[in-house]
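Asker: Dropping in coords_23.cif, which is mmCIF, C-alpha atoms:
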```cif
data_structure
#
loop_
_atom_site.label_atom_id
_atom_site.label_comp_id
_atom_site.auth_asym_id
_atom_site.auth_seq_id
_atom_site.Cartn_x
_atom_site.Cartn_y
_atom_site.Cartn_z
CA MET A 297 -13.56 -28.76 -15.95
CA SER A 298 -11.42 -30.55 -13.34
CA ALA A 299 -11.95 -33.81 -15.22
CA LEU A 300 -10.98 -32.25 -18.55
CA LEU A 301 -7.79 -30.74 -17.14
CA ALA A 302 -6.73 -34.20 -16.00
CA ASP A 303 -8.10 -36.14 -19.01
CA PRO A 304 -5.26 -37.93 -20.87
CA ARG A 305 -7.32 -37.71 -24.08
CA LEU A 306 -6.58 -33.97 -24.12
CA SER A 307 -2.89 -33.76 -24.99
CA LEU A 308 -0.53 -30.80 -24.76
CA ASP A 309 1.71 -32.34 -27.42
CA LYS A 310 1.43 -30.35 -30.68
CA ARG A 311 1.98 -33.53 -32.66
CA HIS A 312 -1.68 -34.33 -31.92
CA SER A 313 -2.88 -31.15 -33.63
CA ASP A 314 -4.84 -31.47 -36.86
CA GLY A 315 -2.59 -28.86 -38.45
CA GLN A 316 -4.93 -25.93 -37.82
CA TYR A 317 -3.11 -24.77 -34.68
CA THR A 318 -1.44 -21.44 -35.45
CA GLY A 319 0.65 -20.82 -32.34
CA TYR A 320 4.19 -19.68 -33.09
CA ALA A 321 6.98 -22.23 -33.02
CA LEU A 322 9.89 -22.13 -30.60
CA PRO A 323 13.32 -23.57 -31.38
CA PRO A 324 13.97 -27.05 -29.88
CA ALA A 325 16.07 -25.56 -27.07
CA LEU A 326 12.95 -23.79 -25.73
CA ASP A 327 10.20 -26.02 -27.12
CA ARG A 328 11.07 -29.23 -25.22
CA ASN A 329 9.28 -28.06 -22.09
CA LEU A 330 6.57 -29.46 -19.84
CA LEU A 331 3.80 -27.50 -21.58
CA ASN A 332 4.42 -29.38 -24.81
CA MET A 333 4.49 -32.98 -23.62
CA ASP A 334 2.49 -35.67 -21.86
CA GLY A 335 2.81 -39.19 -20.54
CA ASP A 336 6.13 -40.77 -19.70
CA GLU A 337 8.36 -38.01 -21.05
CA HIS A 338 6.40 -35.38 -19.14
CA GLY A 339 6.49 -37.52 -15.99
CA ARG A 340 10.25 -38.07 -16.26
CA ILE A 341 11.04 -34.35 -16.39
CA ARG A 342 8.43 -33.40 -13.81
CA ARG A 343 9.77 -35.97 -11.32
CA LEU A 344 13.19 -34.37 -11.64
CA ALA A 345 11.91 -30.81 -11.20
CA ALA A 346 9.06 -31.29 -8.71
CA PRO A 347 11.00 -31.75 -5.43
CA ALA A 348 12.46 -28.27 -5.75
CA PHE A 349 8.94 -26.80 -5.78
CA SER A 350 7.45 -28.73 -2.85
CA ARG A 351 6.04 -27.00 0.23
CA ARG A 352 9.16 -27.95 2.20
CA SER A 353 11.42 -26.44 -0.46
CA ALA A 354 9.26 -23.33 -0.69
CA ASP A 355 9.45 -22.91 3.08
CA SER A 356 13.24 -23.10 2.90
CA LEU A 357 13.10 -20.11 0.55
CA ARG A 358 11.36 -18.00 3.16
CA ALA A 359 14.52 -16.38 4.54
CA ALA A 360 15.61 -15.34 1.05
CA VAL A 361 12.13 -14.02 0.28
CA ASP A 362 12.04 -12.00 3.51
CA ARG A 363 15.44 -10.50 2.70
CA ILE A 364 14.46 -9.60 -0.87
CA VAL A 365 11.11 -8.15 0.20
CA GLY A 366 12.80 -6.08 2.89
CA GLU A 367 15.27 -4.65 0.38
CA VAL A 368 12.56 -3.83 -2.17
CA PHE A 369 10.31 -2.15 0.40
CA ALA A 370 13.26 -0.20 1.81
CA ALA A 371 13.80 1.25 -1.65
CA LEU A 372 10.07 1.99 -1.96
CA ALA A 373 10.08 3.85 1.37
CA GLU A 374 12.17 6.57 -0.25
CA ASN A 375 9.09 7.44 -2.34
CA ASP A 376 6.60 8.05 0.47
CA GLY A 377 4.01 10.53 -0.70
CA ALA A 378 5.12 10.23 -4.31
CA THR A 379 3.59 8.53 -7.32
CA VAL A 380 5.38 5.28 -8.17
CA ASP A 381 4.81 2.40 -10.57
CA LEU A 382 4.33 -0.60 -8.28
CA LEU A 383 4.60 -2.95 -11.24
CA ASP A 384 8.20 -1.91 -11.89
CA GLN A 385 9.20 -1.25 -8.31
CA LEU A 386 7.50 -4.10 -6.42
CA CYS A 387 5.49 -6.63 -8.42
CA VAL A 388 8.29 -7.37 -10.91
CA PRO A 389 11.47 -7.24 -8.80
CA VAL A 390 10.32 -9.45 -5.91
CA PRO A 391 9.27 -12.48 -8.03
CA ALA A 392 12.19 -11.95 -10.41
CA LEU A 393 14.74 -11.91 -7.61
CA VAL A 394 13.13 -14.82 -5.73
CA ILE A 395 12.77 -17.10 -8.76
CA GLY A 396 16.16 -15.97 -10.04
CA GLU A 397 17.79 -16.90 -6.72
CA LEU A 398 16.04 -20.27 -6.70
CA LEU A 399 17.16 -21.12 -10.23
CA GLY A 400 20.51 -19.34 -10.16
CA VAL A 401 19.67 -16.69 -12.78
CA PRO A 402 21.63 -13.40 -12.39
CA ASP A 403 19.62 -10.45 -11.04
CA ASP A 404 20.64 -8.14 -13.86
CA LEU A 405 18.86 -10.31 -16.45
CA TYR A 406 15.32 -9.79 -15.22
CA PRO A 407 14.56 -6.49 -17.02
CA ALA A 408 15.45 -8.08 -20.33
CA LEU A 409 13.55 -11.26 -19.42
CA ARG A 410 10.47 -9.17 -18.71
CA ASP A 411 10.83 -7.36 -22.06
CA ALA A 412 11.12 -10.70 -23.86
CA ALA A 413 8.02 -12.02 -22.08
CA ASN A 414 6.06 -8.92 -23.06
CA THR A 415 7.10 -9.43 -26.67
CA MET A 416 6.04 -13.07 -26.66
CA PHE A 417 2.69 -12.47 -25.00
CA THR A 418 1.69 -9.50 -27.15
CA PHE A 419 2.53 -10.92 -30.60
CA ASP A 420 -0.25 -9.64 -32.88
CA GLY A 421 0.64 -11.27 -36.19
CA SER A 422 2.00 -8.10 -37.78
CA LYS A 423 5.34 -8.00 -39.60
CA GLU A 424 6.94 -5.71 -36.99
CA SER A 425 5.59 -7.78 -34.10
CA GLY A 426 6.94 -10.89 -35.83
CA ARG A 427 10.37 -9.31 -36.20
CA GLN A 428 10.43 -8.44 -32.51
CA LEU A 429 9.26 -11.93 -31.61
CA VAL A 430 12.06 -13.57 -33.60
CA GLN A 431 14.61 -11.31 -31.86
CA ALA A 432 13.17 -12.10 -28.42
CA ILE A 433 13.15 -15.85 -29.02
CA GLY A 434 16.71 -15.73 -30.35
CA TRP A 435 17.86 -13.79 -27.29
CA LEU A 436 16.09 -16.18 -24.90
CA THR A 437 17.59 -19.22 -26.60
CA GLU A 438 21.10 -17.78 -26.42
CA THR A 439 20.65 -16.53 -22.85
CA PHE A 440 19.41 -19.80 -21.34
CA SER A 441 21.88 -21.90 -23.34
CA THR A 442 24.68 -19.65 -22.04
CA LEU A 443 23.38 -19.98 -18.48
CA VAL A 444 23.42 -23.77 -18.73
CA ALA A 445 26.99 -23.68 -20.06
CA ALA A 446 28.03 -21.35 -17.22
CA LYS A 447 26.53 -23.67 -14.58
CA ARG A 448 28.30 -26.61 -16.17
CA ALA A 449 31.63 -24.79 -15.99
CA ALA A 450 31.10 -23.45 -12.46
CA PRO A 451 28.26 -25.24 -10.59
CA ALA A 452 26.59 -23.45 -7.70
CA ASP A 453 24.00 -24.30 -5.04
CA ASP A 454 20.94 -23.65 -7.19
CA LEU A 455 18.34 -25.55 -9.20
CA LEU A 456 19.89 -24.98 -12.59
CA SER A 457 23.23 -26.40 -11.45
CA GLY A 458 21.40 -29.43 -10.04
CA TRP A 459 19.58 -30.00 -13.32
CA VAL A 460 22.87 -29.71 -15.22
CA ARG A 461 24.36 -32.41 -12.99
CA ALA A 462 21.30 -34.60 -13.64
CA ARG A 463 21.79 -34.10 -17.36
CA ASP A 464 25.52 -34.83 -17.34
CA ASP A 465 25.72 -37.56 -14.68
CA GLU A 466 22.45 -39.43 -15.04
CA GLU A 467 21.42 -38.45 -18.57
CA ALA A 468 17.95 -37.76 -17.18
CA LEU A 469 17.52 -34.81 -19.54
CA THR A 470 18.50 -34.03 -23.09
CA GLU A 471 20.29 -30.72 -23.59
CA ASP A 472 17.15 -29.22 -25.16
CA GLU A 473 15.02 -30.44 -22.25
CA LEU A 474 17.45 -28.89 -19.78
CA VAL A 475 17.47 -25.46 -21.45
CA SER A 476 13.68 -25.61 -21.98
CA LEU A 477 13.07 -26.43 -18.32
CA ALA A 478 15.10 -23.43 -17.16
CA PHE A 479 13.32 -21.19 -19.67
CA LEU A 480 9.84 -22.36 -18.64
CA MET A 481 10.42 -22.12 -14.89
CA MET A 482 11.85 -18.62 -15.07
CA MET A 483 9.45 -17.16 -17.61
CA ALA A 484 6.21 -18.79 -16.48
CA GLY A 485 6.98 -18.24 -12.81
CA LEU A 486 7.84 -14.59 -13.33
CA GLU A 487 4.81 -13.86 -15.52
CA ASN A 488 2.24 -15.42 -13.24
CA ALA A 489 3.60 -14.09 -9.96
CA VAL A 490 4.01 -10.53 -11.25
CA PHE A 491 0.48 -10.15 -12.55
CA THR A 492 -1.17 -12.07 -9.73
CA CYS A 493 0.38 -9.67 -7.20
CA ALA A 494 -0.54 -6.61 -9.27
CA ASN A 495 -4.12 -7.74 -9.86
CA ILE A 496 -4.68 -8.49 -6.16
CA ILE A 497 -3.34 -5.06 -5.19
CA VAL A 498 -5.71 -3.36 -7.64
CA ALA A 499 -8.66 -5.40 -6.35
CA LEU A 500 -7.92 -4.57 -2.72
CA ILE A 501 -7.43 -0.85 -3.35
CA GLY A 502 -10.60 -0.71 -5.43
CA SER A 503 -12.71 -2.58 -2.88
CA GLY A 504 -11.41 -0.67 0.12
CA ALA A 505 -11.15 -4.04 1.87
CA ALA A 506 -7.37 -4.23 2.22
CA ALA A 507 -7.38 -3.92 6.02
CA GLN A 508 -9.88 -6.77 6.42
CA ALA A 509 -8.00 -8.95 3.93
CA VAL A 510 -4.65 -8.38 5.63
CA SER A 511 -6.05 -9.10 9.09
CA ALA A 512 -7.41 -12.43 7.83
CA TRP A 513 -4.39 -13.37 5.73
CA PRO A 514 -3.58 -16.06 4.53
CA GLN A 515 -7.15 -17.37 4.72
CA GLN A 516 -8.14 -14.64 2.26
CA ARG A 517 -5.28 -15.34 -0.11
CA GLY A 518 -6.86 -18.21 -2.03
CA GLY A 519 -9.99 -16.31 -2.98
CA LEU A 520 -8.01 -13.20 -3.90
CA MET A 521 -5.58 -15.14 -6.09
CA GLU A 522 -8.51 -16.82 -7.80
CA GLN A 523 -10.12 -13.45 -8.58
CA ALA A 524 -6.78 -12.02 -9.71
CA ASN A 525 -5.80 -14.95 -11.92
CA PRO A 526 -3.95 -13.39 -14.88
CA LEU A 527 -4.41 -16.44 -17.11
CA PRO A 528 -7.94 -16.68 -18.57
CA PHE A 529 -7.25 -20.10 -20.12
CA ALA A 530 -5.28 -23.23 -19.41
CA PHE A 531 -2.60 -23.98 -21.99
CA ARG A 532 -4.04 -25.23 -25.30
CA ARG A 533 -4.78 -28.92 -25.68
CA PHE A 534 -5.48 -31.31 -28.55
CA PRO A 535 -7.90 -34.29 -28.36
CA VAL A 536 -6.17 -37.53 -29.31
CA THR A 537 -9.58 -38.93 -30.29
CA ASP A 538 -13.04 -37.48 -30.93
CA LEU A 539 -14.18 -36.31 -27.51
CA THR A 540 -17.74 -35.78 -26.27
CA VAL A 541 -18.21 -33.08 -23.63
CA GLY A 542 -21.84 -32.73 -22.61
CA GLU A 543 -23.67 -32.62 -25.92
CA THR A 544 -20.67 -31.32 -27.89
CA ILE A 545 -18.35 -33.50 -29.96
CA ILE A 546 -14.82 -32.08 -30.18
CA PRO A 547 -13.02 -33.54 -33.21
CA LYS A 548 -9.68 -35.25 -32.84
CA GLY A 549 -6.82 -32.76 -33.32
CA ASP A 550 -8.94 -29.64 -32.69
CA THR A 551 -7.41 -26.86 -30.57
CA VAL A 552 -9.10 -26.68 -27.16
CA LEU A 553 -8.88 -23.83 -24.64
CA LEU A 554 -10.25 -24.54 -21.16
CA SER A 555 -11.46 -21.41 -19.35
CA LEU A 556 -10.21 -21.52 -15.77
CA ILE A 557 -11.82 -18.16 -14.94
CA GLY A 558 -15.12 -19.30 -16.44
CA ALA A 559 -15.10 -22.49 -14.40
CA ASP A 560 -14.21 -20.69 -11.18
CA SER A 561 -17.01 -18.15 -11.65
CA ASP A 562 -19.66 -20.79 -12.48
CA PRO A 563 -22.49 -20.63 -9.89
CA ALA A 564 -22.71 -24.43 -10.08
CA ARG A 565 -19.14 -24.72 -8.80
CA GLY A 566 -20.25 -25.03 -5.17
CA ASP A 567 -17.38 -25.73 -2.76
CA ARG A 568 -15.05 -27.12 -5.40
CA PRO A 569 -11.50 -25.78 -4.98
CA SER A 570 -10.26 -23.17 -7.43
CA LEU A 571 -8.70 -24.29 -10.72
CA LEU A 572 -6.21 -21.42 -10.58
CA PHE A 573 -3.22 -23.77 -10.74
CA GLY A 574 -4.87 -26.43 -12.88
CA ARG A 575 -5.48 -30.10 -12.08
CA GLY A 576 -4.01 -33.47 -12.86
CA PRO A 577 -0.48 -34.21 -14.11
CA HIS A 578 -0.02 -30.62 -15.33
CA TYR A 579 -0.86 -29.00 -11.99
CA CYS A 580 1.37 -25.93 -11.64
CA LEU A 581 4.79 -26.88 -10.26
CA GLY A 582 5.34 -23.42 -8.85
CA ALA A 583 2.07 -23.15 -6.87
CA GLN A 584 3.84 -23.19 -3.48
CA VAL A 585 6.38 -20.60 -4.57
CA ALA A 586 3.60 -18.38 -5.95
CA ASP A 587 1.80 -18.55 -2.59
CA LEU A 588 5.03 -17.63 -0.82
CA ILE A 589 5.62 -14.59 -3.04
CA VAL A 590 2.04 -13.32 -2.76
CA ASP A 591 2.14 -13.82 1.03
CA ALA A 592 5.31 -11.77 1.23
CA VAL A 593 4.30 -8.91 -1.09
CA VAL A 594 0.61 -8.11 -0.72
CA PRO A 595 0.03 -7.95 3.07
CA GLU A 596 3.35 -6.16 3.58
CA LEU A 597 2.36 -3.43 1.14
CA PHE A 598 -0.82 -2.60 3.06
CA VAL A 599 0.86 -2.89 6.45
CA ARG A 600 3.57 -0.42 5.44
CA HIS A 601 1.33 1.80 3.31
CA PRO A 602 -2.25 1.36 4.62
CA ARG A 603 -3.56 4.38 2.70
CA VAL A 604 -1.96 3.53 -0.64
CA GLN A 605 -4.22 4.60 -3.49
CA LEU A 606 -4.27 4.47 -7.27
CA ALA A 607 -2.78 7.55 -8.91
CA ILE A 608 -5.35 7.32 -11.72
CA PRO A 609 -8.92 5.99 -11.86
CA GLU A 610 -9.02 2.19 -12.00
CA ALA A 611 -10.84 2.36 -15.34
CA GLU A 612 -7.79 4.10 -16.83
CA LEU A 613 -5.32 1.33 -15.96
CA VAL A 614 -3.90 -0.15 -19.17
CA TYR A 615 -3.54 -3.88 -19.70
CA ARG A 616 -1.68 -5.88 -22.32
CA SER A 617 -3.51 -6.30 -25.60
CA SER A 618 -3.34 -10.07 -25.26
CA TRP A 619 -5.90 -12.82 -24.74
CA ARG A 620 -3.14 -14.94 -23.24
CA SER A 621 -2.78 -12.99 -20.00
CA HIS A 622 -4.56 -10.24 -18.11
CA GLY A 623 -1.46 -8.24 -17.25
CA LEU A 624 -1.03 -4.58 -16.41
CA LEU A 625 1.43 -2.40 -18.30
CA ALA A 626 1.86 -0.17 -15.24
CA LEU A 627 0.43 0.22 -11.74
CA PRO A 628 0.75 3.89 -10.74
CA VAL A 629 -0.04 4.49 -7.06
CA ILE A 630 0.48 7.18 -4.45
CA LEU A 631 2.35 5.76 -1.48
CA THR A 632 1.55 6.76 2.05
CA PRO A 633 3.64 5.80 5.09
#
```
Give the structure from this file in structure tokens form.
Answerer:
Amino acid sequence: MSALLADPRLSLDKRHSDGQYTGYALPPALDRNLLNMDGDEHGRIRRLAAPAFSRRSADSLRAAVDRIVGEVFAALAENDGATVDLLDQLCVPVPALVIGELLGVPDDLYPALRDAANTMFTFDGSKESGRQLVQAIGWLTETFSTLVAAKRAAPADDLLSGWVRARDDEEALTEDELVSLAFLMMMAGLENAVFTCANIIVALIGSGAAAQAVSAWPQQRGGLMEQANPLPFAFRRFPVTDLTVGETIIPKGDTVLLSLIGADSDPARGDRPSLLFGRGPHYCLGAQVADLIVDAVVPELFVRHPRVQLAIPEAELVYRSSWRSHGLLALPVILTP
């Protein structure tokens, strides 16, 4: 699986599809993102964006993360002994505020961004779902285009302002690439961090092993994140030539989904590192930031509320009706001080 994730014969560019791919189309202002390109154009944009997501840059975010986490947990403390939805009151706001601060996206946008993400990830092909999808995509296009224009008019000390300067001064990005990069980093980062945190919390409460995990953190983090991975598959790929995998021939242009969860749970895996964040040129840019957010949220919850418990049986938790992501709709818990 590691080899396939890094194999240049498996392209993310939809132009290599045989025409059978049925994923919905985004407008150019959102479609020109890193998950739709390969080779030199992918490398050019990734080189521009990657330094902001390095370990050193993630570490520089730590003070902001600590401040945000402190504020969110202070608000949670007012609910001691009560039933609260940790998805809405912890797992969403911390990543949204952290990633928003990094990019320069206003705090008050994240509820609407979350709603738009839910709409995109739960599209079921129905007429009503399609109508909602069109509205969400239109709103996202307008919102991120407006943000770019605002940063151009009044630059700040954030990533989006830096990317605008790169676009205007060096012409390193087209306008569509600039808007698409902001869209991808905010939406993908928010989605993955939210559901990774929520899934880890559920796993720890259900296993009764929270105390042991917290005492051994962050050594335990990697395995927990792997088990809690909300993305069953890597992003779809298209063979640029007929491809033989084992005894199977995958025709050129076919749509290929690589199962990260399946590979990580394979008994033959041995000591191979997890594929949670992918491999090769498309390795997740935000991996360091995701680690930082999980490190800040999960252990702190069980330190502050060591007897936190689910408010309903785990079997009754409701997840999105989507094969794209294993994401909770709510995480009701009873907080204890």
Asker: From the options A:Ala524, A:Leu383, A:Leu553, A:Leu474, which residue's atoms come nearest to A:Leu455, counting all atoms listed in the file?
Answerer: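 Once distances to A:Leu455 are computed over all atoms listed in the file, the minimum belongs to A:Leu474.
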Asker: So, with all atoms listed in the file as the atoms that count, which of A:Pro569, A:Pro535, A:Gly434, A:Pro304 lies closest to A:Leu322?
Answerer: A:Gly434
Asker: In terms of the shortest atom-to-atom distance over only C-alpha atoms, which of A:Thr437, A:Ser350, A:Thr442, A:Asn375 is closest to A:Asp587?
Answerer: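 Using only C-alpha atoms, A:Asp587 sits closest to A:Ser350.
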Asker: Could you tell me which residues the PyMOL selection byres ((chain A and resi 589-605) around 10) grabs in this file, written as a PyMOL selection string?
Answerer: chain A and resi 354+357-358+361-362+364-366+368-369+372-373+376-377+379+386-387+390-391+394-395+489-490+492-494+496-498+500-502+504+506-507+509-514+517+521+584-588+606-609+628-633
Asker: Measure the distance from atom CA of A:Tyr317 to atom CA of A:Lys548 in Å and round it to one decimal.
Answerer: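 A separation of 12.5 Å between them.
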Asker: Tell me which of A:Ala446, A:Ile433, A:Ala452, A:Ala499 sits closest to A:Ala412, counting all atoms listed in the file.
Answerer: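 Nearest candidate to A:Ala412 out of A:Ala446, A:Ile433, A:Ala452, A:Ala499: A:Ile433.
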